[in-house]
file start_18.csv (CSV, C-alpha atoms)
chain,number,residue,atom,x,y,z
A,7,MET,CA,-8.4,34.3,1.4
A,8,HIS,CA,-9.7,30.7,1.9
A,9,GLU,CA,-7.6,27.6,1.7
A,10,LEU,CA,-9.3,25.3,-0.9
A,11,ASP,CA,-10.4,21.9,0.3
A,12,PHE,CA,-13.0,19.4,-0.9
A,13,ASN,CA,-15.9,21.3,0.5
A,14,ALA,CA,-14.7,24.7,-0.8
A,15,LEU,CA,-14.1,23.1,-4.2
A,16,LEU,CA,-17.7,22.1,-4.4
A,17,ASN,CA,-19.3,25.2,-2.8
A,18,PRO,CA,-22.2,25.8,-2.8
A,19,LEU,CA,-22.9,22.1,-3.0
A,20,SER,CA,-22.1,19.8,-0.1
A,21,ALA,CA,-19.8,16.9,-0.6
A,22,GLY,CA,-22.7,14.5,0.2
A,23,HIS,CA,-24.9,16.1,-2.4
A,24,PHE,CA,-22.2,15.9,-5.0
A,25,LEU,CA,-21.3,12.2,-4.2
A,26,ALA,CA,-25.0,11.2,-4.3
A,27,GLU,CA,-26.1,13.1,-7.4
A,28,TYR,CA,-23.1,13.5,-9.7
A,29,TRP,CA,-20.1,11.3,-8.8
A,30,GLU,CA,-19.6,8.7,-11.6
A,31,SER,CA,-23.1,9.6,-12.9
A,32,ARG,CA,-23.2,12.9,-14.9
A,33,PRO,CA,-21.4,16.1,-15.5
A,34,MET,CA,-21.8,19.1,-13.2
A,35,LEU,CA,-21.2,22.8,-13.8
A,36,LEU,CA,-20.8,25.4,-11.1
A,37,LYS,CA,-20.9,29.0,-12.2
A,38,ARG,CA,-19.5,31.3,-9.5
A,39,ALA,CA,-19.1,34.8,-11.1
A,40,ASP,CA,-16.0,35.2,-8.8
A,41,ASN,CA,-12.8,35.5,-10.8
A,42,THR,CA,-10.7,35.4,-7.6
A,43,TYR,CA,-12.2,32.2,-6.3
A,44,TYR,CA,-9.0,30.1,-7.0
A,45,ASP,CA,-6.5,32.8,-6.1
A,46,SER,CA,-5.4,31.0,-2.9
A,47,LEU,CA,-4.7,27.9,-5.0
A,48,LEU,CA,-3.2,29.2,-8.2
A,49,THR,CA,-3.1,32.3,-10.3
A,50,VAL,CA,-2.2,32.9,-14.0
A,51,THR,CA,0.9,34.7,-12.7
A,52,ASP,CA,1.9,31.6,-10.8
A,53,LEU,CA,1.5,29.5,-14.0
A,54,GLU,CA,3.6,32.0,-16.0
A,55,ARG,CA,6.4,31.7,-13.4
A,56,TYR,CA,6.3,27.9,-13.5
A,57,VAL,CA,6.9,28.1,-17.3
A,58,SER,CA,9.5,30.9,-17.1
A,59,ARG,CA,11.6,29.8,-14.1
A,60,GLY,CA,15.0,28.3,-14.8
A,61,GLY,CA,14.3,25.2,-12.6
A,62,SER,CA,11.6,23.8,-14.8
A,63,ARG,CA,12.5,21.2,-17.4
A,64,TYR,CA,10.9,18.6,-19.6
A,65,PRO,CA,8.5,17.0,-18.9
A,66,GLN,CA,7.4,19.7,-16.3
A,67,VAL,CA,6.6,21.9,-19.3
A,68,ARG,CA,5.1,20.4,-22.5
A,69,LEU,CA,3.7,21.7,-25.7
A,70,ALA,CA,0.7,20.3,-27.6
A,71,LYS,CA,-1.4,21.4,-30.6
A,72,GLU,CA,-4.8,19.8,-31.5
A,73,GLY,CA,-4.2,16.8,-29.3
A,74,VAL,CA,-0.6,16.0,-30.4
A,75,PHE,CA,2.4,16.6,-28.1
A,76,TYR,CA,5.5,18.2,-29.5
A,77,ALA,CA,8.8,16.3,-29.4
A,78,PRO,CA,10.8,17.8,-26.5
A,79,GLU,CA,13.7,18.8,-28.8
A,80,ALA,CA,11.3,21.2,-30.6
A,81,TYR,CA,11.2,23.6,-27.6
A,82,THR,CA,13.9,22.5,-25.1
A,83,TYR,CA,17.7,22.7,-25.0
A,84,ASP,CA,20.6,21.2,-23.0
A,85,VAL,CA,23.3,23.1,-21.1
A,86,LYS,CA,26.8,21.8,-20.4
A,87,TYR,CA,28.2,23.1,-17.1
A,88,GLY,CA,31.6,21.7,-16.2
A,89,ASP,CA,31.3,17.9,-16.4
A,90,GLU,CA,27.6,18.0,-15.9
A,91,GLU,CA,24.8,18.3,-18.4
A,92,PHE,CA,21.4,19.8,-17.6
A,93,ARG,CA,18.9,18.5,-20.1
A,94,GLY,CA,15.4,19.5,-21.2
A,95,LEU,CA,15.5,23.2,-20.2
A,96,PRO,CA,12.5,25.1,-21.8
A,97,ASP,CA,13.5,27.5,-24.6
A,98,LEU,CA,11.1,30.3,-23.8
A,99,GLU,CA,11.5,32.0,-27.2
A,100,LYS,CA,10.4,28.8,-29.0
A,101,ILE,CA,7.6,28.1,-26.5
A,102,PHE,CA,6.2,31.6,-26.9
A,103,THR,CA,6.4,31.3,-30.7
A,104,GLU,CA,4.5,28.1,-30.7
A,105,TYR,CA,2.0,29.3,-28.1
A,106,SER,CA,1.4,32.4,-30.3
A,107,SER,CA,0.6,30.1,-33.2
A,108,GLY,CA,-2.0,28.1,-31.3
A,109,ALA,CA,-0.1,25.6,-29.1
A,110,THR,CA,-1.2,24.8,-25.6
A,111,VAL,CA,1.4,24.9,-22.8
A,112,THR,CA,0.8,22.0,-20.4
A,113,LEU,CA,2.2,21.6,-16.9
A,114,PRO,CA,1.7,18.0,-15.9
A,115,ALA,CA,1.8,16.8,-12.3
A,116,LEU,CA,1.8,20.4,-11.1
A,117,HIS,CA,0.7,19.1,-7.6
A,118,LEU,CA,4.4,18.1,-7.2
A,119,ALA,CA,5.6,21.6,-7.6
A,120,SER,CA,2.8,23.7,-6.2
A,121,ALA,CA,2.4,23.5,-2.4
A,122,PRO,CA,-1.3,24.6,-2.4
A,123,LEU,CA,-2.2,22.2,-5.2
A,124,GLY,CA,-0.3,19.4,-3.4
A,125,ARG,CA,-2.2,20.0,-0.2
A,126,LEU,CA,-5.6,20.0,-2.1
A,127,CYS,CA,-4.7,16.7,-3.9
A,128,ARG,CA,-3.7,15.1,-0.6
A,129,GLN,CA,-6.8,16.3,1.1
A,130,LEU,CA,-9.0,14.9,-1.7
A,131,GLU,CA,-7.1,11.6,-1.5
A,132,THR,CA,-7.9,11.5,2.3
A,133,GLU,CA,-11.6,12.2,1.5
A,134,LEU,CA,-12.1,9.9,-1.4
A,135,ASP,CA,-9.3,7.2,-0.9
A,136,HIS,CA,-8.6,7.4,-4.7
A,137,SER,CA,-5.4,8.7,-6.4
A,138,VAL,CA,-5.4,12.4,-7.2
A,139,HIS,CA,-3.2,14.5,-9.4
A,140,ALA,CA,-3.3,18.0,-11.0
A,141,ASN,CA,-2.3,19.3,-14.4
A,142,ALA,CA,-2.5,22.9,-15.7
A,143,TYR,CA,-3.1,24.2,-19.2
A,144,LEU,CA,-2.4,27.6,-20.9
A,145,THR,CA,-4.1,28.0,-24.3
A,146,PRO,CA,-3.9,31.2,-26.5
A,147,ALA,CA,-7.0,32.9,-28.0
A,148,ASN,CA,-8.5,31.4,-31.1
A,149,ALA,CA,-7.0,28.0,-30.6
A,150,ILE,CA,-8.2,24.4,-30.3
A,151,GLY,CA,-7.2,22.8,-27.0
A,152,PHE,CA,-7.3,19.0,-27.4
A,153,THR,CA,-9.3,17.1,-30.0
A,154,PRO,CA,-12.3,15.0,-29.0
A,155,HIS,CA,-11.4,12.3,-26.4
A,156,TYR,CA,-12.4,10.9,-23.1
A,157,ASP,CA,-10.3,10.4,-19.9
A,158,THR,CA,-10.1,7.2,-17.9
A,159,HIS,CA,-10.1,9.3,-14.7
A,160,ASP,CA,-12.7,11.6,-13.3
A,161,VAL,CA,-11.9,15.3,-13.7
A,162,PHE,CA,-12.6,18.5,-11.9
A,163,VAL,CA,-11.9,21.5,-14.2
A,164,LEU,CA,-11.0,24.7,-12.4
A,165,GLN,CA,-11.0,27.8,-14.7
A,166,ILE,CA,-8.2,30.1,-13.4
A,167,ALA,CA,-8.2,32.9,-15.9
A,168,GLY,CA,-9.6,33.7,-19.4
A,169,ALA,CA,-12.3,31.6,-20.9
A,170,LYS,CA,-12.6,28.2,-22.7
A,171,HIS,CA,-15.5,26.7,-24.7
A,172,TRP,CA,-16.4,23.1,-24.0
A,173,ARG,CA,-18.4,20.6,-26.0
A,174,ILE,CA,-19.3,17.4,-24.1
A,175,TYR,CA,-20.7,14.2,-25.6
A,176,ARG,CA,-22.2,11.1,-24.2
A,177,PRO,CA,-19.7,8.4,-23.2
A,178,PRO,CA,-19.2,5.6,-25.8
A,179,THR,CA,-17.9,3.4,-23.0
A,180,GLU,CA,-19.5,3.6,-19.6
A,181,LEU,CA,-17.0,4.3,-16.8
A,182,PRO,CA,-13.9,3.1,-18.8
A,183,HIS,CA,-11.2,1.4,-16.9
A,184,ARG,CA,-7.7,2.9,-17.1
A,185,SER,CA,-6.8,0.0,-19.3
A,186,GLN,CA,-9.5,1.2,-21.8
A,187,PRO,CA,-8.1,4.4,-23.2
A,188,PHE,CA,-9.9,6.5,-25.9
A,189,ARG,CA,-9.1,5.4,-29.4
A,190,PRO,CA,-10.3,8.0,-32.0
A,191,GLU,CA,-10.4,5.4,-34.8
A,192,ARG,CA,-13.1,3.5,-32.9
A,193,HIS,CA,-15.4,6.4,-32.1
A,194,THR,CA,-17.6,8.7,-34.1
A,195,LEU,CA,-18.9,11.9,-32.5
A,196,PRO,CA,-22.7,12.2,-32.4
A,197,PRO,CA,-24.2,15.0,-34.5
A,198,ALA,CA,-24.8,17.2,-31.5
A,199,PRO,CA,-23.1,17.5,-28.1
A,200,LEU,CA,-24.9,16.6,-24.8
A,201,MET,CA,-23.7,19.9,-23.3
A,202,GLU,CA,-22.1,23.1,-24.7
A,203,LEU,CA,-20.7,25.6,-22.3
A,204,GLU,CA,-18.1,28.3,-21.6
A,205,LEU,CA,-16.0,28.3,-18.4
A,206,ALA,CA,-15.1,31.7,-16.9
A,207,PRO,CA,-12.7,32.4,-14.0
A,208,GLY,CA,-14.0,30.8,-10.8
A,209,ASP,CA,-16.2,28.2,-12.5
A,210,LEU,CA,-15.9,24.4,-11.9
A,211,LEU,CA,-16.8,21.6,-14.3
A,212,TYR,CA,-16.9,18.0,-13.2
A,213,LEU,CA,-16.7,15.2,-15.8
A,214,PRO,CA,-17.0,11.6,-14.9
A,215,ARG,CA,-14.6,9.4,-16.8
A,216,GLY,CA,-15.8,8.4,-20.3
A,217,TYR,CA,-17.5,11.6,-21.3
A,218,VAL,CA,-16.0,12.7,-24.6
A,219,HIS,CA,-15.1,16.4,-24.7
A,220,THR,CA,-13.3,18.9,-26.9
A,221,THR,CA,-12.3,22.5,-26.2
A,222,GLU,CA,-11.4,25.7,-27.9
A,223,THR,CA,-10.7,29.3,-27.1
A,224,VAL,CA,-12.2,32.2,-29.0
A,225,ARG,CA,-11.7,35.8,-27.9
A,226,SER,CA,-9.6,35.1,-24.8
A,227,PHE,CA,-6.7,33.0,-23.8
A,228,SER,CA,-7.5,30.3,-21.2
A,229,ALA,CA,-5.7,29.1,-18.0
A,230,HIS,CA,-7.2,26.1,-16.3
A,231,VAL,CA,-6.3,23.3,-13.9
A,232,THR,CA,-7.6,19.8,-14.0
A,233,ILE,CA,-7.8,17.8,-10.8
A,234,GLY,CA,-7.8,14.1,-12.0
A,235,VAL,CA,-9.1,11.3,-9.8
A,236,THR,CA,-7.8,7.9,-10.8
A,237,VAL,CA,-10.2,5.6,-9.1
A,238,TYR,CA,-9.7,2.1,-7.7
A,239,THR,CA,-12.5,-0.2,-8.9
A,240,TRP,CA,-14.0,-3.6,-8.1
A,241,ILE,CA,-11.7,-5.0,-10.8
A,242,ASP,CA,-8.8,-4.0,-8.5
A,243,VAL,CA,-10.3,-5.7,-5.5
A,244,LEU,CA,-11.0,-8.9,-7.4
A,245,SER,CA,-7.4,-8.8,-8.7
A,246,ALA,CA,-6.2,-8.5,-5.1
A,247,LEU,CA,-8.4,-11.5,-4.3
A,248,VAL,CA,-6.8,-13.6,-7.0
A,249,GLN,CA,-3.4,-12.6,-5.9
A,250,GLY,CA,-4.3,-13.6,-2.3
A,251,ALA,CA,-5.2,-17.1,-3.6
A,252,ILE,CA,-1.6,-17.8,-4.4
A,253,GLU,CA,-1.5,-19.8,-1.2
A,254,VAL,CA,-3.8,-22.4,-2.6
A,255,PRO,CA,-1.5,-25.1,-4.2
A,256,GLU,CA,-4.2,-26.3,-6.7
A,257,LEU,CA,-4.3,-22.8,-8.2
A,258,ARG,CA,-0.5,-22.7,-8.7
A,259,ARG,CA,-0.6,-25.8,-10.9
A,260,ALA,CA,0.5,-25.4,-14.6
A,261,LEU,CA,-2.2,-25.2,-17.2
A,262,PRO,CA,-2.5,-28.4,-19.3
A,263,PRO,CA,0.2,-28.7,-21.9
A,264,GLY,CA,-1.0,-27.5,-25.3
A,265,PHE,CA,-3.8,-25.3,-23.8
A,266,ALA,CA,-3.2,-22.5,-26.3
A,267,HIS,CA,-3.3,-24.5,-29.5
A,268,GLU,CA,-4.9,-27.9,-28.9
A,269,ALA,CA,-8.7,-28.2,-28.8
A,270,LYS,CA,-8.6,-31.1,-26.4
A,271,ALA,CA,-6.5,-29.2,-23.9
A,272,ARG,CA,-8.7,-26.1,-24.2
A,273,ARG,CA,-11.8,-28.3,-23.5
A,274,GLU,CA,-10.1,-29.6,-20.4
A,275,LEU,CA,-9.3,-26.1,-19.3
A,276,SER,CA,-12.9,-24.9,-19.7
A,277,GLN,CA,-14.2,-28.0,-17.9
A,278,ARG,CA,-11.9,-27.5,-14.9
A,279,LEU,CA,-12.3,-23.7,-14.6
A,280,PRO,CA,-15.8,-23.7,-12.9
A,281,GLY,CA,-14.4,-26.0,-10.2
A,282,LEU,CA,-11.4,-23.8,-9.6
A,283,LEU,CA,-13.6,-20.7,-9.4
A,284,GLU,CA,-15.7,-22.6,-6.8
A,285,ARG,CA,-12.4,-23.4,-5.0
A,286,LEU,CA,-11.5,-19.8,-5.0
A,287,ARG,CA,-14.9,-18.8,-3.7
A,288,ALA,CA,-14.5,-21.3,-0.9
A,289,THR,CA,-11.2,-19.8,0.2
A,290,LEU,CA,-12.6,-16.2,0.1
A,291,ASP,CA,-12.1,-14.2,3.3
A,292,ALA,CA,-13.9,-11.0,2.3
A,293,GLN,CA,-12.9,-9.0,5.3
A,294,ALA,CA,-9.2,-10.0,5.1
A,295,THR,CA,-9.2,-9.1,1.3
A,296,VAL,CA,-10.8,-5.7,2.0
A,297,GLU,CA,-8.3,-5.0,4.8
A,298,ARG,CA,-5.3,-6.0,2.7
A,299,PHE,CA,-6.5,-3.9,-0.2
A,300,GLY,CA,-7.2,-0.9,2.0
A,301,ALA,CA,-3.7,-1.2,3.5
A,302,LYS,CA,-2.2,-1.3,0.0
A,303,VAL,CA,-4.0,1.8,-1.0
A,304,ARG,CA,-3.0,3.7,2.1
A,305,ALA,CA,0.6,2.7,1.6
A,306,ALA,CA,0.6,3.8,-2.0
A,307,ARG,CA,-0.4,7.4,-1.1
A,308,PRO,CA,2.4,9.9,-1.8
A,309,ARG,CA,3.7,11.4,1.4
A,310,ALA,CA,3.6,15.1,2.1
A,311,PRO,CA,6.8,16.7,1.0
A,312,MET,CA,9.3,17.9,3.6
A,313,GLU,CA,10.9,21.3,3.5
A,314,PHE,CA,14.7,21.5,3.5
A,315,ARG,CA,16.0,23.8,6.3
A,316,ALA,CA,19.5,25.1,6.4
A,317,ASP,CA,19.2,25.8,10.2
A,318,ALA,CA,18.6,22.2,11.0
A,319,PHE,CA,19.1,21.3,14.7
A,320,ALA,CA,20.5,18.2,16.3
A,321,VAL,CA,17.9,16.3,18.3
A,322,GLY,CA,19.3,15.6,21.8
A,323,PRO,CA,18.0,13.8,24.9
A,324,ASP,CA,16.3,17.0,26.2
A,325,THR,CA,15.0,18.5,22.9
A,326,PRO,CA,11.2,19.0,23.2
A,327,MET,CA,9.4,17.2,20.4
A,328,ARG,CA,5.9,16.5,19.2
A,329,ILE,CA,4.1,14.7,16.4
A,330,SER,CA,4.2,16.8,13.2
A,331,ALA,CA,1.0,18.7,12.5
A,332,ASP,CA,1.2,17.5,8.9
A,333,ALA,CA,1.7,13.8,9.8
A,334,SER,CA,-1.1,11.4,8.6
A,335,TYR,CA,-0.3,8.1,10.2
A,336,ARG,CA,-1.6,4.8,11.4
A,337,LEU,CA,0.0,2.2,13.7
A,338,SER,CA,-0.6,-1.6,13.4
A,339,ARG,CA,1.0,-4.8,14.5
A,340,GLU,CA,2.2,-7.3,11.9
A,341,GLY,CA,3.7,-10.4,13.5
A,342,ASP,CA,6.8,-9.4,15.4
A,343,GLU,CA,6.8,-5.9,13.9
A,344,LEU,CA,5.2,-2.6,14.5
A,345,VAL,CA,4.2,-0.9,11.3
A,346,LEU,CA,3.9,2.9,11.0
A,347,GLN,CA,2.0,4.0,7.9
A,348,LEU,CA,3.1,7.6,7.5
A,349,ASN,CA,2.0,9.9,4.6
A,350,GLY,CA,2.0,7.1,2.1
A,351,ARG,CA,5.0,5.0,3.2
A,352,ARG,CA,5.3,2.0,5.5
A,353,VAL,CA,7.9,2.1,8.2
A,354,ARG,CA,8.7,-1.1,10.0
A,355,LEU,CA,9.9,-0.9,13.7
A,356,GLN,CA,10.8,-3.5,16.3
A,357,ALA,CA,7.8,-4.6,18.3
A,358,ASP,CA,9.6,-4.0,21.6
A,359,LEU,CA,9.4,-0.2,20.8
A,360,SER,CA,5.6,-0.3,21.2
A,361,ALA,CA,5.6,1.4,24.6
A,362,ILE,CA,7.8,4.2,23.4
A,363,ILE,CA,5.8,4.8,20.3
A,364,ASP,CA,2.5,4.7,22.3
A,365,ALA,CA,4.0,7.3,24.7
A,366,VAL,CA,5.0,9.5,21.7
A,367,CYS,CA,1.5,9.3,20.3
A,368,ARG,CA,-0.2,10.1,23.6
A,369,ALA,CA,1.9,13.1,24.6
A,370,ALA,CA,1.3,16.7,23.6
A,371,SER,CA,5.1,17.0,23.8
A,372,PHE,CA,8.0,14.9,25.1
A,373,THR,CA,11.8,14.5,25.3
A,374,SER,CA,13.8,11.4,24.6
A,375,ARG,CA,14.8,11.4,28.3
A,376,GLY,CA,11.2,11.4,29.4
A,377,LEU,CA,10.1,8.4,27.3
A,378,PRO,CA,9.7,4.9,28.8
A,379,SER,CA,13.1,3.4,29.6
A,380,GLU,CA,12.7,-0.1,28.2
A,381,VAL,CA,15.7,0.7,26.0
A,382,SER,CA,18.7,2.9,26.7
A,383,LEU,CA,18.6,6.7,26.5
A,384,GLU,CA,20.9,6.5,23.5
A,385,ALA,CA,18.6,4.2,21.6
A,386,ARG,CA,15.5,6.3,22.5
A,387,THR,CA,17.3,9.4,21.2
A,388,ALA,CA,18.3,7.6,18.0
A,389,LEU,CA,14.7,6.6,17.5
A,390,VAL,CA,13.4,10.1,17.9
A,391,ARG,CA,16.1,11.4,15.5
A,392,TYR,CA,15.0,8.8,13.0
A,393,LEU,CA,11.3,9.6,13.3
A,394,HIS,CA,12.1,13.3,13.0
A,395,GLY,CA,14.0,12.6,9.8
A,396,LEU,CA,10.9,10.9,8.4
A,397,GLY,CA,8.8,13.9,9.1
A,398,PHE,CA,6.8,12.2,11.8
A,399,LEU,CA,8.1,14.4,14.6
A,400,GLN,CA,9.0,18.1,14.8
A,401,GLN,CA,10.7,20.2,17.4
A,402,LEU,CA,8.3,22.0,19.7
A,403,ALA,CA,8.3,25.7,18.9
call {"tool": "encode", "arguments": {"input": "start_18.csv", "output": "structure tokens"}}
result
Amino acid sequence: MHELDFNALLNPLSAGHFLAEYWESRPMLLKRADNTYYDSLLTVTDLERYVSRGGSRYPQVRLAKEGVFYAPEAYTYDVKYGDEEFRGLPDLEKIFTEYSSGATVTLPALHLASAPLGRLCRQLETELDHSVHANAYLTPANAIGFTPHYDTHDVFVLQIAGAKHWRIYRPPTELPHRSQPFRPERHTLPPAPLMELELAPGDLLYLPRGYVHTTETVRSFSAHVTIGVTVYTWIDVLSALVQGAIEVPELRRALPPGFAHEAKARRELSQRLPGLLERLRATLDAQATVERFGAKVRAARPRAPMEFRADAFAVGPDTPMRISADASYRLSREGDELVLQLNGRRVRLQADLSAIIDAVCRAASFTSRGLPSEVSLEARTALVRYLHGLGFLQQLA
């Protein structure tokens, strides 16, 4: 059974073909005729367990009908245990009753609970450098999923089980920004859809943001997962540029008094603005802006979750260690500090630890005692323990 990654997700297309022909451009449908294609990622049995298990609670399980989410008190309950109260536990009897009458069960942010989905989302983030999340949906037969709308993120739809009918319409707003959500009162559906299709298990549908869509089930229930890609845009880079201009004193001056209600002040504002934009252009360091923005994006990535182990060991001076196989990291110098960017977090270390960190990164395995001795053995061991606690290091098996 294959582990799903970006290439397997797009099979038989290559990633290059997809990015050149479909990404941000047009919908794509892959029919696979393989109802086990996503079994290594998720099955309908897995989804049933996520709904049924006692550990799930609102908003991990939500109900919706025809585009409207239920209030949580309609299908959850609270439990008092001693002095503690456990809130938002799913009432399975109520959930099943509503599901049987046409409600959709949604499992938002399922990549946080499902290890295979989490690995796929992190791998896609590594490939694309955009933010990735996953939701799941269970819809009964003969039901409307969500009413017509568009998303402000790109979507890969993975049909896990059953079937769902889709109608897709041209985007009323080309590539909407996440600050431009769909507002039904402002949009009228065209008389005919751009595409009409039915997804079967193993199929994949890609929708760029902005394409209006609506779904329904007929003879079969449906279980599908959406992989959402919330993109960074040129707007975000330009915003970072403006934030970087905070060091220019002229741009920190107050707007002229009365600028919001006096015509004279507004004229002064409009007259000065071109000069300030030219001042901003003159201070532009494109390379530095891009590097700062890239570092910000890398730092914002969620880190791979650690697994709790009851048989945890104490790291000693002679404990054999290595860099964790799951660690995604980058080292850089910032002034007098060494910065370790590790699985979406920034860890600041003293610059005088550089030789030790370099030795750790070069070695297939090491012990605290064998590391360079610029600092004491006790300090080296404490550093290794700290990096082990972050998930950067693991004990050599």
call {"tool": "residues_around", "arguments": {"input": "start_18.csv", "residues": "range 293-308 of chain A", "least_positions_apart": "2", "cutoff": "12 Å", "atoms": "all atoms listed in the file", "output": "JSON, numbers by chain"}}
result
{"A": [117, 118, 124, 125, 127, 128, 129, 130, 131, 132, 134, 135, 136, 137, 138, 139, 237, 238, 239, 240, 241, 242, 243, 244, 245, 246, 247, 248, 249, 250, 251, 289, 290, 291, 310, 311, 312, 334, 335, 336, 337, 338, 340, 345, 346, 347, 348, 349, 350, 351, 352, 353]}
call {"tool": "write_last_selection", "arguments": {"input": "start_18.csv", "atoms": "C-alpha atoms", "output": "compact mmCIF listing (two decimals), keeping the file's coordinate frame"}}
result
# COMPACT_ATOMS: atom_id res chain seq x y z
CA HIS A 117 0.70 19.10 -7.60
CA LEU A 118 4.40 18.10 -7.20
CA GLY A 124 -0.30 19.40 -3.40
CA ARG A 125 -2.20 20.00 -0.20
CA CYS A 127 -4.70 16.70 -3.90
CA ARG A 128 -3.70 15.10 -0.60
CA GLN A 129 -6.80 16.30 1.10
CA LEU A 130 -9.00 14.90 -1.70
CA GLU A 131 -7.10 11.60 -1.50
CA THR A 132 -7.90 11.50 2.30
CA LEU A 134 -12.10 9.90 -1.40
CA ASP A 135 -9.30 7.20 -0.90
CA HIS A 136 -8.60 7.40 -4.70
CA SER A 137 -5.40 8.70 -6.40
CA VAL A 138 -5.40 12.40 -7.20
CA HIS A 139 -3.20 14.50 -9.40
CA VAL A 237 -10.20 5.60 -9.10
CA TYR A 238 -9.70 2.10 -7.70
CA THR A 239 -12.50 -0.20 -8.90
CA TRP A 240 -14.00 -3.60 -8.10
CA ILE A 241 -11.70 -5.00 -10.80
CA ASP A 242 -8.80 -4.00 -8.50
CA VAL A 243 -10.30 -5.70 -5.50
CA LEU A 244 -11.00 -8.90 -7.40
CA SER A 245 -7.40 -8.80 -8.70
CA ALA A 246 -6.20 -8.50 -5.10
CA LEU A 247 -8.40 -11.50 -4.30
CA VAL A 248 -6.80 -13.60 -7.00
CA GLN A 249 -3.40 -12.60 -5.90
CA GLY A 250 -4.30 -13.60 -2.30
CA ALA A 251 -5.20 -17.10 -3.60
CA THR A 289 -11.20 -19.80 0.20
CA LEU A 290 -12.60 -16.20 0.10
CA ASP A 291 -12.10 -14.20 3.30
CA ALA A 310 3.60 15.10 2.10
CA PRO A 311 6.80 16.70 1.00
CA MET A 312 9.30 17.90 3.60
CA SER A 334 -1.10 11.40 8.60
CA TYR A 335 -0.30 8.10 10.20
CA ARG A 336 -1.60 4.80 11.40
CA LEU A 337 0.00 2.20 13.70
CA SER A 338 -0.60 -1.60 13.40
CA GLU A 340 2.20 -7.30 11.90
CA VAL A 345 4.20 -0.90 11.30
CA LEU A 346 3.90 2.90 11.00
CA GLN A 347 2.00 4.00 7.90
CA LEU A 348 3.10 7.60 7.50
CA ASN A 349 2.00 9.90 4.60
CA GLY A 350 2.00 7.10 2.10
CA ARG A 351 5.00 5.00 3.20
CA ARG A 352 5.30 2.00 5.50
CA VAL A 353 7.90 2.10 8.20
call {"tool": "atom_distance", "arguments": {"input": "start_18.csv", "atom1": "CA of Ala167 in chain A", "atom2": "CA of Pro207 in chain A"}}
result
4.9 Å
call {"tool": "residues_around", "arguments": {"input": "start_18.csv", "residues": "range 180-194 of chain A", "least_positions_apart": "4", "cutoff": "10 Å", "atoms": "all atoms listed in the file", "output": "number ranges by chain"}}
result
A: 30-31, 153-160, 176, 214-218, 236-239, 241
call {"tool": "closest_residue", "arguments": {"input": "start_18.csv", "among": "A:Leu113, A:Leu16, A:Ile233, A:Val321", "to": "Arg391 in chain A", "atoms": "all atoms listed in the file"}}
result
A:Val321
call {"tool": "closest_atom_pairs", "arguments": {"input": "start_18.csv", "of": "range 150-257 of chain A", "to": "range 36-40 of chain A", "cutoff": "12 Å", "atoms": "all atoms listed in the file", "output": "tab-separated table"}}
result
residue	atom	partner	partner_atom	distance
A:Phe162	CA	A:Leu36	CA	10.7
A:Val163	CA	A:Leu36	CA	10.2
A:Leu164	CA	A:Leu36	CA	9.9
A:Gln165	CA	A:Lys37	CA	10.3
A:Ile166	CA	A:Asp40	CA	10.4
A:Ala167	CA	A:Asp40	CA	10.8
A:Leu203	CA	A:Lys37	CA	10.7
A:Glu204	CA	A:Lys37	CA	9.8
A:Leu205	CA	A:Lys37	CA	7.9
A:Ala206	CA	A:Ala39	CA	7.7
A:Pro207	CA	A:Asp40	CA	6.8
A:Gly208	CA	A:Asp40	CA	5.2
A:Asp209	CA	A:Lys37	CA	4.8
A:Leu210	CA	A:Leu36	CA	5.1
A:Leu211	CA	A:Leu36	CA	6.4
A:Tyr212	CA	A:Leu36	CA	8.6
A:Leu213	CA	A:Leu36	CA	12.0
call {"tool": "closest_residue", "arguments": {"input": "start_18.csv", "among": "A:Pro177, A:Gly264, A:Gly108, A:Pro378", "to": "Pro146 in chain A", "atoms": "all atoms listed in the file"}}
result
A:Gly108
call {"tool": "closest_residue", "arguments": {"input": "start_18.csv", "among": "A:Glu222, A:Glu79, A:Glu72, A:Glu343", "to": "Asp358 in chain A", "atoms": "all atoms listed in the file"}}
result
A:Glu343
call {"tool": "closest_residue", "arguments": {"input": "start_18.csv", "among": "A:Gly322, A:Gly376, A:Pro78, A:Pro263", "to": "Gln401 in chain A", "atoms": "all atoms listed in the file"}}
result
A:Gly322
call {"tool": "atom_distance", "arguments": {"input": "start_18.csv", "atom1": "CA of Phe398 in chain A", "atom2": "CA of Leu383 in chain A"}}
result
19.6 Å
call {"tool": "closest_residue", "arguments": {"input": "start_18.csv", "among": "A:Leu257, A:Leu47, A:Ala169, A:Leu282", "to": "Ala229 in chain A", "atoms": "only C-alpha atoms"}}
result
A:Ala169
call {"tool": "closest_residue", "arguments": {"input": "start_18.csv", "among": "A:Ala26, A:Ala70, A:Ala21, A:Met34", "to": "Met201 in chain A", "atoms": "all atoms listed in the file"}}
result
A:Met34
call {"tool": "atom_distance", "arguments": {"input": "start_18.csv", "atom1": "CA of His394 in chain A", "atom2": "CA of Ala320 in chain A"}}
result
10.3 Å
